[in-house]
Amino acid sequence: MPKIVFLPHEELCPDGKVIEVEPGISVCDAALKNGVDIEHACEKACACTTCHVIVREGFDSLGEPDELEEDLLDKAWGLEPESRLSCQAIVDKEDLVVEIPKYTINQVSEKH
């Protein structure tokens with residue numbers, strides 16, 4: 001099974017976290033199921049950028065983002081070439097190293 005390594009994030013996982021996941025799950029769902037409370041204001045409908053992550057390792061194993069995701073990513077805080085919306089990034093068979101940016105453009109953080 002592939003692993004996702006979440007790099008330390010001051011609020012969401014201060015010590016970082018390593019989880020094993022089944023291929024086919026989104027990075028966002030994997031995070032949420034394993035106690036990493038990543039923001040997802042649009043309820044994972046690819047309608048915002050609050051679940052933006054930077055895939056530091058394993059980026060090429062993810063499917064290509066569609067046009068809607070690419071358009072939304074252009075609005076994300078701290079955009080990098082390896083940025084993805086975690087609700088759209090589907091884990092394949094390769095391990096991933098993921099960084100959750102410090103900020104989102106969400107004006108109000110909601111607990112889901």
# chains A, B, ... in the order shown; residues from 1 in each chain; ligands from 1

call {"tool": "residues_around", "arguments": {"residues": "A:Ala30", "least_positions_apart": "6", "cutoff": "12 Å", "atoms": "only C-alpha atoms", "output": "mmCIF file with all heavy atoms, in the first residue's frame"}}
result
data_model
loop_
_atom_site.group_PDB
_atom_site.id
_atom_site.type_symbol
_atom_site.label_atom_id
_atom_site.label_comp_id
_atom_site.auth_asym_id
_atom_site.auth_seq_id
_atom_site.Cartn_x
_atom_site.Cartn_y
_atom_site.Cartn_z
ATOM 1 N N PRO A 2 0.467 2.250 -0.762
ATOM 2 C CA PRO A 2 1.250 3.493 -0.760
ATOM 3 C C PRO A 2 1.098 4.248 0.559
ATOM 4 O O PRO A 2 0.114 4.089 1.276
ATOM 5 C CB PRO A 2 0.660 4.287 -1.922
ATOM 6 C CG PRO A 2 -0.681 3.708 -2.177
ATOM 7 C CD PRO A 2 -0.640 2.288 -1.710
ATOM 8 N N LYS A 3 2.098 5.074 0.834
ATOM 9 C CA LYS A 3 2.085 5.912 2.031
ATOM 10 C C LYS A 3 1.985 7.365 1.613
ATOM 11 O O LYS A 3 2.495 7.764 0.570
ATOM 12 C CB LYS A 3 3.368 5.722 2.829
ATOM 13 C CG LYS A 3 3.492 4.378 3.466
ATOM 14 C CD LYS A 3 4.771 4.276 4.247
ATOM 15 C CE LYS A 3 4.856 2.882 4.837
ATOM 16 N NZ LYS A 3 6.196 2.414 4.972
ATOM 17 N N ILE A 4 1.351 8.150 2.458
ATOM 18 C CA ILE A 4 1.368 9.605 2.320
ATOM 19 C C ILE A 4 2.072 10.148 3.555
ATOM 20 O O ILE A 4 1.671 9.847 4.686
ATOM 21 C CB ILE A 4 -0.038 10.223 2.219
ATOM 22 C CG1 ILE A 4 -0.819 9.643 1.048
ATOM 23 C CG2 ILE A 4 0.073 11.750 2.073
ATOM 24 C CD1 ILE A 4 -2.260 10.159 0.956
ATOM 25 N N VAL A 5 3.114 10.909 3.327
ATOM 26 C CA VAL A 5 3.828 11.584 4.399
ATOM 27 C C VAL A 5 3.369 13.033 4.391
ATOM 28 O O VAL A 5 3.581 13.744 3.406
ATOM 29 C CB VAL A 5 5.355 11.517 4.194
ATOM 30 C CG1 VAL A 5 6.072 12.312 5.276
ATOM 31 C CG2 VAL A 5 5.828 10.078 4.147
ATOM 32 N N PHE A 6 2.699 13.447 5.444
ATOM 33 C CA PHE A 6 2.319 14.848 5.591
ATOM 34 C C PHE A 6 3.428 15.532 6.380
ATOM 35 O O PHE A 6 3.730 15.125 7.508
ATOM 36 C CB PHE A 6 0.977 14.990 6.319
ATOM 37 C CG PHE A 6 -0.192 14.559 5.487
ATOM 38 C CD1 PHE A 6 -0.702 13.274 5.594
ATOM 39 C CD2 PHE A 6 -0.763 15.427 4.574
ATOM 40 C CE1 PHE A 6 -1.771 12.860 4.817
ATOM 41 C CE2 PHE A 6 -1.833 15.027 3.794
ATOM 42 C CZ PHE A 6 -2.339 13.738 3.913
ATOM 43 N N LYS A 17 2.832 13.508 9.785
ATOM 44 C CA LYS A 17 2.088 12.252 9.923
ATOM 45 C C LYS A 17 2.382 11.380 8.710
ATOM 46 O O LYS A 17 2.495 11.868 7.598
ATOM 47 C CB LYS A 17 0.598 12.544 10.005
ATOM 48 C CG LYS A 17 -0.238 11.358 10.384
ATOM 49 C CD LYS A 17 -1.559 11.794 10.962
ATOM 50 C CE LYS A 17 -2.086 10.685 11.837
ATOM 51 N NZ LYS A 17 -3.074 11.103 12.752
ATOM 52 N N VAL A 18 2.498 10.083 8.945
ATOM 53 C CA VAL A 18 2.677 9.110 7.872
ATOM 54 C C VAL A 18 1.495 8.157 7.934
ATOM 55 O O VAL A 18 1.205 7.587 8.998
ATOM 56 C CB VAL A 18 3.993 8.323 8.033
ATOM 57 C CG1 VAL A 18 4.131 7.286 6.917
ATOM 58 C CG2 VAL A 18 5.185 9.261 8.054
ATOM 59 N N ILE A 19 0.804 7.992 6.808
ATOM 60 C CA ILE A 19 -0.352 7.100 6.768
ATOM 61 C C ILE A 19 -0.248 6.169 5.563
ATOM 62 O O ILE A 19 0.330 6.525 4.543
ATOM 63 C CB ILE A 19 -1.682 7.888 6.720
ATOM 64 C CG1 ILE A 19 -1.750 8.801 5.487
ATOM 65 C CG2 ILE A 19 -1.868 8.710 7.980
ATOM 66 C CD1 ILE A 19 -3.093 9.490 5.295
ATOM 67 N N GLU A 20 -0.786 4.973 5.704
ATOM 68 C CA GLU A 20 -0.915 4.043 4.585
ATOM 69 C C GLU A 20 -2.323 4.155 4.054
ATOM 70 O O GLU A 20 -3.285 4.251 4.828
ATOM 71 C CB GLU A 20 -0.639 2.611 5.037
ATOM 72 C CG GLU A 20 0.815 2.331 5.257
ATOM 73 C CD GLU A 20 1.102 0.846 5.416
ATOM 74 O OE1 GLU A 20 0.191 0.008 5.224
ATOM 75 O OE2 GLU A 20 2.247 0.526 5.733
ATOM 76 N N VAL A 21 -2.440 4.151 2.718
ATOM 77 C CA VAL A 21 -3.753 4.324 2.093
ATOM 78 C C VAL A 21 -3.925 3.337 0.951
ATOM 79 O O VAL A 21 -2.955 2.822 0.404
ATOM 80 C CB VAL A 21 -3.944 5.766 1.568
ATOM 81 C CG1 VAL A 21 -3.882 6.775 2.692
ATOM 82 C CG2 VAL A 21 -2.931 6.101 0.495
ATOM 83 N N GLU A 22 -5.157 3.107 0.603
ATOM 84 C CA GLU A 22 -5.478 2.308 -0.576
ATOM 85 C C GLU A 22 -5.388 3.208 -1.813
ATOM 86 O O GLU A 22 -5.831 4.361 -1.768
ATOM 87 C CB GLU A 22 -6.907 1.763 -0.483
ATOM 88 C CG GLU A 22 -7.115 0.731 0.591
ATOM 89 C CD GLU A 22 -6.506 -0.622 0.234
ATOM 90 O OE1 GLU A 22 -6.309 -0.898 -0.965
ATOM 91 O OE2 GLU A 22 -6.217 -1.374 1.172
ATOM 92 N N PRO A 23 -4.837 2.715 -2.912
ATOM 93 C CA PRO A 23 -4.872 3.497 -4.151
ATOM 94 C C PRO A 23 -6.321 3.830 -4.513
ATOM 95 O O PRO A 23 -7.237 3.059 -4.219
ATOM 96 C CB PRO A 23 -4.257 2.551 -5.190
ATOM 97 C CG PRO A 23 -3.404 1.613 -4.395
ATOM 98 C CD PRO A 23 -4.138 1.443 -3.086
ATOM 99 N N GLY A 24 -6.522 5.001 -5.108
ATOM 100 C CA GLY A 24 -7.859 5.418 -5.527
ATOM 101 C C GLY A 24 -8.519 6.411 -4.596
ATOM 102 O O GLY A 24 -9.552 6.979 -4.919
ATOM 103 N N VAL A 36 -5.926 14.387 10.012
ATOM 104 C CA VAL A 36 -5.334 15.628 9.507
ATOM 105 C C VAL A 36 -6.491 16.444 8.951
ATOM 106 O O VAL A 36 -6.992 16.182 7.858
ATOM 107 C CB VAL A 36 -4.261 15.358 8.429
ATOM 108 C CG1 VAL A 36 -3.674 16.676 7.934
ATOM 109 C CG2 VAL A 36 -3.174 14.445 8.971
ATOM 110 N N ASP A 37 -6.956 17.405 9.728
ATOM 111 C CA ASP A 37 -8.195 18.125 9.434
ATOM 112 C C ASP A 37 -7.979 19.229 8.400
ATOM 113 O O ASP A 37 -8.134 20.415 8.689
ATOM 114 C CB ASP A 37 -8.762 18.702 10.733
ATOM 115 C CG ASP A 37 -10.214 19.112 10.599
ATOM 116 O OD1 ASP A 37 -10.889 18.666 9.652
ATOM 117 O OD2 ASP A 37 -10.669 19.896 11.453
ATOM 118 N N ILE A 38 -7.634 18.819 7.189
ATOM 119 C CA ILE A 38 -7.377 19.771 6.116
ATOM 120 C C ILE A 38 -8.665 20.511 5.752
ATOM 121 O O ILE A 38 -9.750 19.930 5.766
ATOM 122 C CB ILE A 38 -6.764 19.048 4.894
ATOM 123 C CG1 ILE A 38 -6.211 20.045 3.899
ATOM 124 C CG2 ILE A 38 -7.744 18.100 4.240
ATOM 125 C CD1 ILE A 38 -5.314 19.416 2.855
ATOM 126 N N SER A 86 -6.167 18.902 -3.038
ATOM 127 C CA SER A 86 -6.103 17.551 -2.470
ATOM 128 C C SER A 86 -7.385 16.761 -2.693
ATOM 129 O O SER A 86 -7.349 15.531 -2.712
ATOM 130 C CB SER A 86 -5.745 17.604 -0.988
ATOM 131 O OG SER A 86 -6.757 18.217 -0.229
ATOM 132 N N CYS A 87 -8.502 17.455 -2.909
ATOM 133 C CA CYS A 87 -9.756 16.741 -3.175
ATOM 134 C C CYS A 87 -9.764 16.118 -4.570
ATOM 135 O O CYS A 87 -10.570 15.228 -4.854
ATOM 136 C CB CYS A 87 -10.958 17.662 -2.998
ATOM 137 S SG CYS A 87 -11.124 18.967 -4.246
ATOM 138 N N GLN A 88 -8.876 16.566 -5.435
ATOM 139 C CA GLN A 88 -8.812 16.064 -6.807
ATOM 140 C C GLN A 88 -7.590 15.182 -7.056
ATOM 141 O O GLN A 88 -7.502 14.512 -8.086
ATOM 142 C CB GLN A 88 -8.786 17.240 -7.788
ATOM 143 C CG GLN A 88 -9.986 18.159 -7.676
ATOM 144 C CD GLN A 88 -11.289 17.426 -7.953
ATOM 145 O OE1 GLN A 88 -11.481 16.873 -9.026
ATOM 146 N NE2 GLN A 88 -12.189 17.414 -6.973
ATOM 147 N N ALA A 89 -6.626 15.189 -6.154
ATOM 148 C CA ALA A 89 -5.398 14.412 -6.312
ATOM 149 C C ALA A 89 -5.645 12.992 -5.812
ATOM 150 O O ALA A 89 -5.779 12.761 -4.608
ATOM 151 C CB ALA A 89 -4.260 15.069 -5.535
ATOM 152 N N ILE A 90 -5.709 12.050 -6.735
ATOM 153 C CA ILE A 90 -6.020 10.660 -6.404
ATOM 154 C C ILE A 90 -4.723 9.857 -6.285
ATOM 155 O O ILE A 90 -3.901 9.834 -7.198
ATOM 156 C CB ILE A 90 -6.942 10.029 -7.473
ATOM 157 C CG1 ILE A 90 -8.211 10.887 -7.666
ATOM 158 C CG2 ILE A 90 -7.289 8.592 -7.110
ATOM 159 C CD1 ILE A 90 -9.067 11.065 -6.433
ATOM 160 N N VAL A 91 -4.575 9.191 -5.153
ATOM 161 C CA VAL A 91 -3.380 8.394 -4.875
ATOM 162 C C VAL A 91 -3.355 7.192 -5.814
ATOM 163 O O VAL A 91 -4.367 6.513 -6.008
ATOM 164 C CB VAL A 91 -3.380 7.922 -3.410
ATOM 165 C CG1 VAL A 91 -2.169 7.045 -3.130
ATOM 166 C CG2 VAL A 91 -3.426 9.117 -2.463
ATOM 167 N N LEU A 96 3.686 9.378 -1.499
ATOM 168 C CA LEU A 96 3.637 10.830 -1.672
ATOM 169 C C LEU A 96 4.197 11.521 -0.438
ATOM 170 O O LEU A 96 4.025 11.026 0.684
ATOM 171 C CB LEU A 96 2.196 11.308 -1.871
ATOM 172 C CG LEU A 96 1.399 10.731 -3.037
ATOM 173 C CD1 LEU A 96 -0.047 11.207 -2.958
ATOM 174 C CD2 LEU A 96 2.022 11.129 -4.360
ATOM 175 N N VAL A 98 3.613 15.260 1.124
ATOM 176 C CA VAL A 98 2.682 16.368 0.929
ATOM 177 C C VAL A 98 2.918 17.463 1.964
ATOM 178 O O VAL A 98 3.049 17.178 3.158
ATOM 179 C CB VAL A 98 1.220 15.858 1.024
ATOM 180 C CG1 VAL A 98 0.226 16.991 0.956
ATOM 181 C CG2 VAL A 98 0.943 14.831 -0.077
#

call {"tool": "select_by_dssp", "arguments": {"residues": "stretch 16-104 of chain A", "states": "helix (DSSP H, G or I)", "output": "PyMOL selection string"}}
result
chain A and resi 27-33+59-61+67-73

call {"tool": "select_by_dssp", "arguments": {"residues": "chain A", "states": "strand (DSSP E)", "output": "PDB file with all heavy atoms, in the first residue's frame"}}
result
ATOM      1  N   LYS A   3       2.098   5.074   0.834  1.00  0.00           N
ATOM      2  CA  LYS A   3       2.085   5.912   2.031  1.00  0.00           C
ATOM      3  C   LYS A   3       1.985   7.365   1.613  1.00  0.00           C
ATOM      4  O   LYS A   3       2.495   7.764   0.570  1.00  0.00           O
ATOM      5  CB  LYS A   3       3.368   5.722   2.829  1.00  0.00           C
ATOM      6  CG  LYS A   3       3.492   4.378   3.466  1.00  0.00           C
ATOM      7  CD  LYS A   3       4.771   4.276   4.247  1.00  0.00           C
ATOM      8  CE  LYS A   3       4.856   2.882   4.837  1.00  0.00           C
ATOM      9  NZ  LYS A   3       6.196   2.414   4.972  1.00  0.00           N
ATOM     10  N   ILE A   4       1.351   8.150   2.458  1.00  0.00           N
ATOM     11  CA  ILE A   4       1.368   9.605   2.320  1.00  0.00           C
ATOM     12  C   ILE A   4       2.072  10.148   3.555  1.00  0.00           C
ATOM     13  O   ILE A   4       1.671   9.847   4.686  1.00  0.00           O
ATOM     14  CB  ILE A   4      -0.038  10.223   2.219  1.00  0.00           C
ATOM     15  CG1 ILE A   4      -0.819   9.643   1.048  1.00  0.00           C
ATOM     16  CG2 ILE A   4       0.073  11.750   2.073  1.00  0.00           C
ATOM     17  CD1 ILE A   4      -2.260  10.159   0.956  1.00  0.00           C
ATOM     18  N   VAL A   5       3.114  10.909   3.327  1.00  0.00           N
ATOM     19  CA  VAL A   5       3.828  11.584   4.399  1.00  0.00           C
ATOM     20  C   VAL A   5       3.369  13.033   4.391  1.00  0.00           C
ATOM     21  O   VAL A   5       3.581  13.744   3.406  1.00  0.00           O
ATOM     22  CB  VAL A   5       5.355  11.517   4.194  1.00  0.00           C
ATOM     23  CG1 VAL A   5       6.072  12.312   5.276  1.00  0.00           C
ATOM     24  CG2 VAL A   5       5.828  10.078   4.147  1.00  0.00           C
ATOM     25  N   PHE A   6       2.699  13.447   5.444  1.00  0.00           N
ATOM     26  CA  PHE A   6       2.319  14.848   5.591  1.00  0.00           C
ATOM     27  C   PHE A   6       3.428  15.532   6.380  1.00  0.00           C
ATOM     28  O   PHE A   6       3.730  15.125   7.508  1.00  0.00           O
ATOM     29  CB  PHE A   6       0.977  14.990   6.319  1.00  0.00           C
ATOM     30  CG  PHE A   6      -0.192  14.559   5.487  1.00  0.00           C
ATOM     31  CD1 PHE A   6      -0.702  13.274   5.594  1.00  0.00           C
ATOM     32  CD2 PHE A   6      -0.763  15.427   4.574  1.00  0.00           C
ATOM     33  CE1 PHE A   6      -1.771  12.860   4.817  1.00  0.00           C
ATOM     34  CE2 PHE A   6      -1.833  15.027   3.794  1.00  0.00           C
ATOM     35  CZ  PHE A   6      -2.339  13.738   3.913  1.00  0.00           C
ATOM     36  N   LYS A  17       2.832  13.508   9.785  1.00  0.00           N
ATOM     37  CA  LYS A  17       2.088  12.252   9.923  1.00  0.00           C
ATOM     38  C   LYS A  17       2.382  11.380   8.710  1.00  0.00           C
ATOM     39  O   LYS A  17       2.495  11.868   7.598  1.00  0.00           O
ATOM     40  CB  LYS A  17       0.598  12.544  10.005  1.00  0.00           C
ATOM     41  CG  LYS A  17      -0.238  11.358  10.384  1.00  0.00           C
ATOM     42  CD  LYS A  17      -1.559  11.794  10.962  1.00  0.00           C
ATOM     43  CE  LYS A  17      -2.086  10.685  11.837  1.00  0.00           C
ATOM     44  NZ  LYS A  17      -3.074  11.103  12.752  1.00  0.00           N
ATOM     45  N   VAL A  18       2.498  10.083   8.945  1.00  0.00           N
ATOM     46  CA  VAL A  18       2.677   9.110   7.872  1.00  0.00           C
ATOM     47  C   VAL A  18       1.495   8.157   7.934  1.00  0.00           C
ATOM     48  O   VAL A  18       1.205   7.587   8.998  1.00  0.00           O
ATOM     49  CB  VAL A  18       3.993   8.323   8.033  1.00  0.00           C
ATOM     50  CG1 VAL A  18       4.131   7.286   6.917  1.00  0.00           C
ATOM     51  CG2 VAL A  18       5.185   9.261   8.054  1.00  0.00           C
ATOM     52  N   ILE A  19       0.804   7.992   6.808  1.00  0.00           N
ATOM     53  CA  ILE A  19      -0.352   7.100   6.768  1.00  0.00           C
ATOM     54  C   ILE A  19      -0.248   6.169   5.563  1.00  0.00           C
ATOM     55  O   ILE A  19       0.330   6.525   4.543  1.00  0.00           O
ATOM     56  CB  ILE A  19      -1.682   7.888   6.720  1.00  0.00           C
ATOM     57  CG1 ILE A  19      -1.750   8.801   5.487  1.00  0.00           C
ATOM     58  CG2 ILE A  19      -1.868   8.710   7.980  1.00  0.00           C
ATOM     59  CD1 ILE A  19      -3.093   9.490   5.295  1.00  0.00           C
ATOM     60  N   GLU A  20      -0.786   4.973   5.704  1.00  0.00           N
ATOM     61  CA  GLU A  20      -0.915   4.043   4.585  1.00  0.00           C
ATOM     62  C   GLU A  20      -2.323   4.155   4.054  1.00  0.00           C
ATOM     63  O   GLU A  20      -3.285   4.251   4.828  1.00  0.00           O
ATOM     64  CB  GLU A  20      -0.639   2.611   5.037  1.00  0.00           C
ATOM     65  CG  GLU A  20       0.815   2.331   5.257  1.00  0.00           C
ATOM     66  CD  GLU A  20       1.102   0.846   5.416  1.00  0.00           C
ATOM     67  OE1 GLU A  20       0.191   0.008   5.224  1.00  0.00           O
ATOM     68  OE2 GLU A  20       2.247   0.526   5.733  1.00  0.00           O
ATOM     69  N   HIS A  52      -5.779  23.106  -0.996  1.00  0.00           N
ATOM     70  CA  HIS A  52      -4.533  23.178  -1.767  1.00  0.00           C
ATOM     71  C   HIS A  52      -3.381  22.550  -0.991  1.00  0.00           C
ATOM     72  O   HIS A  52      -3.207  22.805   0.195  1.00  0.00           O
ATOM     73  CB  HIS A  52      -4.239  24.656  -2.078  1.00  0.00           C
ATOM     74  CG  HIS A  52      -2.866  24.922  -2.574  1.00  0.00           C
ATOM     75  ND1 HIS A  52      -2.065  25.889  -2.013  1.00  0.00           N
ATOM     76  CD2 HIS A  52      -2.142  24.371  -3.571  1.00  0.00           C
ATOM     77  CE1 HIS A  52      -0.906  25.929  -2.660  1.00  0.00           C
ATOM     78  NE2 HIS A  52      -0.929  25.001  -3.605  1.00  0.00           N
ATOM     79  N   VAL A  53      -2.620  21.691  -1.668  1.00  0.00           N
ATOM     80  CA  VAL A  53      -1.416  21.101  -1.104  1.00  0.00           C
ATOM     81  C   VAL A  53      -0.288  21.181  -2.136  1.00  0.00           C
ATOM     82  O   VAL A  53      -0.537  21.387  -3.325  1.00  0.00           O
ATOM     83  CB  VAL A  53      -1.616  19.623  -0.677  1.00  0.00           C
ATOM     84  CG1 VAL A  53      -2.632  19.511   0.448  1.00  0.00           C
ATOM     85  CG2 VAL A  53      -1.997  18.751  -1.866  1.00  0.00           C
ATOM     86  N   ILE A  54       0.919  20.997  -1.662  1.00  0.00           N
ATOM     87  CA  ILE A  54       2.081  20.929  -2.541  1.00  0.00           C
ATOM     88  C   ILE A  54       2.646  19.521  -2.399  1.00  0.00           C
ATOM     89  O   ILE A  54       2.952  19.078  -1.287  1.00  0.00           O
ATOM     90  CB  ILE A  54       3.127  21.990  -2.158  1.00  0.00           C
ATOM     91  CG1 ILE A  54       2.483  23.377  -2.232  1.00  0.00           C
ATOM     92  CG2 ILE A  54       4.338  21.898  -3.091  1.00  0.00           C
ATOM     93  CD1 ILE A  54       3.222  24.445  -1.464  1.00  0.00           C
ATOM     94  N   VAL A  55       2.731  18.821  -3.514  1.00  0.00           N
ATOM     95  CA  VAL A  55       3.201  17.445  -3.511  1.00  0.00           C
ATOM     96  C   VAL A  55       4.716  17.471  -3.732  1.00  0.00           C
ATOM     97  O   VAL A  55       5.194  17.688  -4.839  1.00  0.00           O
ATOM     98  CB  VAL A  55       2.482  16.602  -4.582  1.00  0.00           C
ATOM     99  CG1 VAL A  55       2.948  15.153  -4.521  1.00  0.00           C
ATOM    100  CG2 VAL A  55       0.971  16.683  -4.392  1.00  0.00           C
ATOM    101  N   ARG A  56       5.473  17.290  -2.659  1.00  0.00           N
ATOM    102  CA  ARG A  56       6.929  17.397  -2.697  1.00  0.00           C
ATOM    103  C   ARG A  56       7.593  16.163  -3.309  1.00  0.00           C
ATOM    104  O   ARG A  56       8.670  16.260  -3.882  1.00  0.00           O
ATOM    105  CB  ARG A  56       7.484  17.639  -1.299  1.00  0.00           C
ATOM    106  CG  ARG A  56       7.043  18.949  -0.690  1.00  0.00           C
ATOM    107  CD  ARG A  56       7.646  20.110  -1.447  1.00  0.00           C
ATOM    108  NE  ARG A  56       7.267  21.397  -0.851  1.00  0.00           N
ATOM    109  CZ  ARG A  56       7.318  22.527  -1.503  1.00  0.00           C
ATOM    110  NH1 ARG A  56       7.721  22.559  -2.759  1.00  0.00           N
ATOM    111  NH2 ARG A  56       6.955  23.645  -0.918  1.00  0.00           N
ATOM    112  N   GLU A  57       6.965  15.011  -3.176  1.00  0.00           N
ATOM    113  CA  GLU A  57       7.476  13.787  -3.800  1.00  0.00           C
ATOM    114  C   GLU A  57       6.292  12.970  -4.284  1.00  0.00           C
ATOM    115  O   GLU A  57       5.265  12.911  -3.625  1.00  0.00           O
ATOM    116  CB  GLU A  57       8.299  12.965  -2.812  1.00  0.00           C
ATOM    117  CG  GLU A  57       9.605  13.611  -2.414  1.00  0.00           C
ATOM    118  CD  GLU A  57      10.402  12.781  -1.425  1.00  0.00           C
ATOM    119  OE1 GLU A  57      10.235  11.540  -1.390  1.00  0.00           O
ATOM    120  OE2 GLU A  57      11.193  13.383  -0.677  1.00  0.00           O
ATOM    121  N   SER A  83       1.708  22.063  -7.086  1.00  0.00           N
ATOM    122  CA  SER A  83       0.475  22.281  -6.334  1.00  0.00           C
ATOM    123  C   SER A  83      -0.668  21.468  -6.928  1.00  0.00           C
ATOM    124  O   SER A  83      -0.761  21.299  -8.140  1.00  0.00           O
ATOM    125  CB  SER A  83       0.081  23.759  -6.367  1.00  0.00           C
ATOM    126  OG  SER A  83       0.934  24.536  -5.572  1.00  0.00           O
ATOM    127  N   ARG A  84      -1.515  20.987  -6.041  1.00  0.00           N
ATOM    128  CA  ARG A  84      -2.755  20.299  -6.440  1.00  0.00           C
ATOM    129  C   ARG A  84      -3.836  20.628  -5.417  1.00  0.00           C
ATOM    130  O   ARG A  84      -3.552  21.007  -4.287  1.00  0.00           O
ATOM    131  CB  ARG A  84      -2.560  18.771  -6.449  1.00  0.00           C
ATOM    132  CG  ARG A  84      -1.669  18.217  -7.533  1.00  0.00           C
ATOM    133  CD  ARG A  84      -2.201  18.408  -8.947  1.00  0.00           C
ATOM    134  NE  ARG A  84      -3.512  17.844  -9.175  1.00  0.00           N
ATOM    135  CZ  ARG A  84      -3.756  16.632  -9.680  1.00  0.00           C
ATOM    136  NH1 ARG A  84      -2.752  15.829  -9.989  1.00  0.00           N
ATOM    137  NH2 ARG A  84      -4.996  16.219  -9.862  1.00  0.00           N
ATOM    138  N   LEU A  85      -5.080  20.449  -5.827  1.00  0.00           N
ATOM    139  CA  LEU A  85      -6.185  20.464  -4.874  1.00  0.00           C
ATOM    140  C   LEU A  85      -6.271  19.046  -4.334  1.00  0.00           C
ATOM    141  O   LEU A  85      -6.422  18.091  -5.103  1.00  0.00           O
ATOM    142  CB  LEU A  85      -7.489  20.883  -5.542  1.00  0.00           C
ATOM    143  CG  LEU A  85      -7.513  22.288  -6.134  1.00  0.00           C
ATOM    144  CD1 LEU A  85      -8.882  22.581  -6.744  1.00  0.00           C
ATOM    145  CD2 LEU A  85      -7.161  23.329  -5.090  1.00  0.00           C
ATOM    146  N   LEU A  96       3.686   9.378  -1.499  1.00  0.00           N
ATOM    147  CA  LEU A  96       3.637  10.830  -1.672  1.00  0.00           C
ATOM    148  C   LEU A  96       4.197  11.521  -0.438  1.00  0.00           C
ATOM    149  O   LEU A  96       4.025  11.026   0.684  1.00  0.00           O
ATOM    150  CB  LEU A  96       2.196  11.308  -1.871  1.00  0.00           C
ATOM    151  CG  LEU A  96       1.399  10.731  -3.037  1.00  0.00           C
ATOM    152  CD1 LEU A  96      -0.047  11.207  -2.958  1.00  0.00           C
ATOM    153  CD2 LEU A  96       2.022  11.129  -4.360  1.00  0.00           C
ATOM    154  N   VAL A  97       4.814  12.660  -0.650  1.00  0.00           N
ATOM    155  CA  VAL A  97       5.189  13.561   0.437  1.00  0.00           C
ATOM    156  C   VAL A  97       4.437  14.850   0.165  1.00  0.00           C
ATOM    157  O   VAL A  97       4.576  15.451  -0.907  1.00  0.00           O
ATOM    158  CB  VAL A  97       6.712  13.802   0.494  1.00  0.00           C
ATOM    159  CG1 VAL A  97       7.038  14.839   1.566  1.00  0.00           C
ATOM    160  CG2 VAL A  97       7.447  12.501   0.762  1.00  0.00           C
ATOM    161  N   VAL A  98       3.613  15.260   1.124  1.00  0.00           N
ATOM    162  CA  VAL A  98       2.682  16.368   0.929  1.00  0.00           C
ATOM    163  C   VAL A  98       2.918  17.463   1.964  1.00  0.00           C
ATOM    164  O   VAL A  98       3.049  17.178   3.158  1.00  0.00           O
ATOM    165  CB  VAL A  98       1.220  15.858   1.024  1.00  0.00           C
ATOM    166  CG1 VAL A  98       0.226  16.991   0.956  1.00  0.00           C
ATOM    167  CG2 VAL A  98       0.943  14.831  -0.077  1.00  0.00           C
ATOM    168  N   GLU A  99       2.942  18.690   1.481  1.00  0.00           N
ATOM    169  CA  GLU A  99       3.017  19.854   2.356  1.00  0.00           C
ATOM    170  C   GLU A  99       1.692  20.604   2.286  1.00  0.00           C
ATOM    171  O   GLU A  99       1.194  20.881   1.194  1.00  0.00           O
ATOM    172  CB  GLU A  99       4.150  20.773   1.919  1.00  0.00           C
ATOM    173  CG  GLU A  99       4.277  22.023   2.758  1.00  0.00           C
ATOM    174  CD  GLU A  99       5.403  22.930   2.284  1.00  0.00           C
ATOM    175  OE1 GLU A  99       6.239  22.516   1.469  1.00  0.00           O
ATOM    176  OE2 GLU A  99       5.414  24.080   2.751  1.00  0.00           O
TER     177      GLU A  99
END

call {"tool": "residues_around", "arguments": {"residues": "A:Ala45", "least_positions_apart": "3", "cutoff": "12 Å", "atoms": "only C-alpha atoms", "output": "ChimeraX atom specification"}}
result
/A:28,40-42,48-51,68-69,72,85-88

call {"tool": "write_last_selection", "arguments": {"atoms": "C-alpha atoms", "output": "JSON list (two decimals), in the first residue's frame"}}
result
[["chain", "number", "residue", "atom", "x", "y", "z"],
["A", 28, "CYS", "CA", -7.99, 15.06, 1.09],
["A", 40, "HIS", "CA", -12.28, 21.74, 2.46],
["A", 41, "ALA", "CA", -14.79, 24.58, 2.36],
["A", 42, "CYS", "CA", -16.56, 23.42, -0.82],
["A", 48, "CYS", "CA", -12.49, 26.43, -4.03],
["A", 49, "THR", "CA", -8.80, 26.24, -3.14],
["A", 50, "THR", "CA", -8.90, 25.61, 0.60],
["A", 51, "CYS", "CA", -7.57, 22.05, 0.26],
["A", 68, "LEU", "CA", -11.27, 23.40, -13.68],
["A", 69, "GLU", "CA", -8.68, 22.39, -11.11],
["A", 72, "LEU", "CA", -8.80, 27.22, -9.40],
["A", 85, "LEU", "CA", -6.18, 20.46, -4.87],
["A", 86, "SER", "CA", -6.10, 17.55, -2.47],
["A", 87, "CYS", "CA", -9.76, 16.74, -3.17],
["A", 88, "GLN", "CA", -8.81, 16.06, -6.81]]

call {"tool": "closest_residue", "arguments": {"among": "A:Glu80, A:Asp74, A:Glu43, A:Asp92", "to": "A:Leu62", "atoms": "only C-alpha atoms"}}
result
A:Asp92
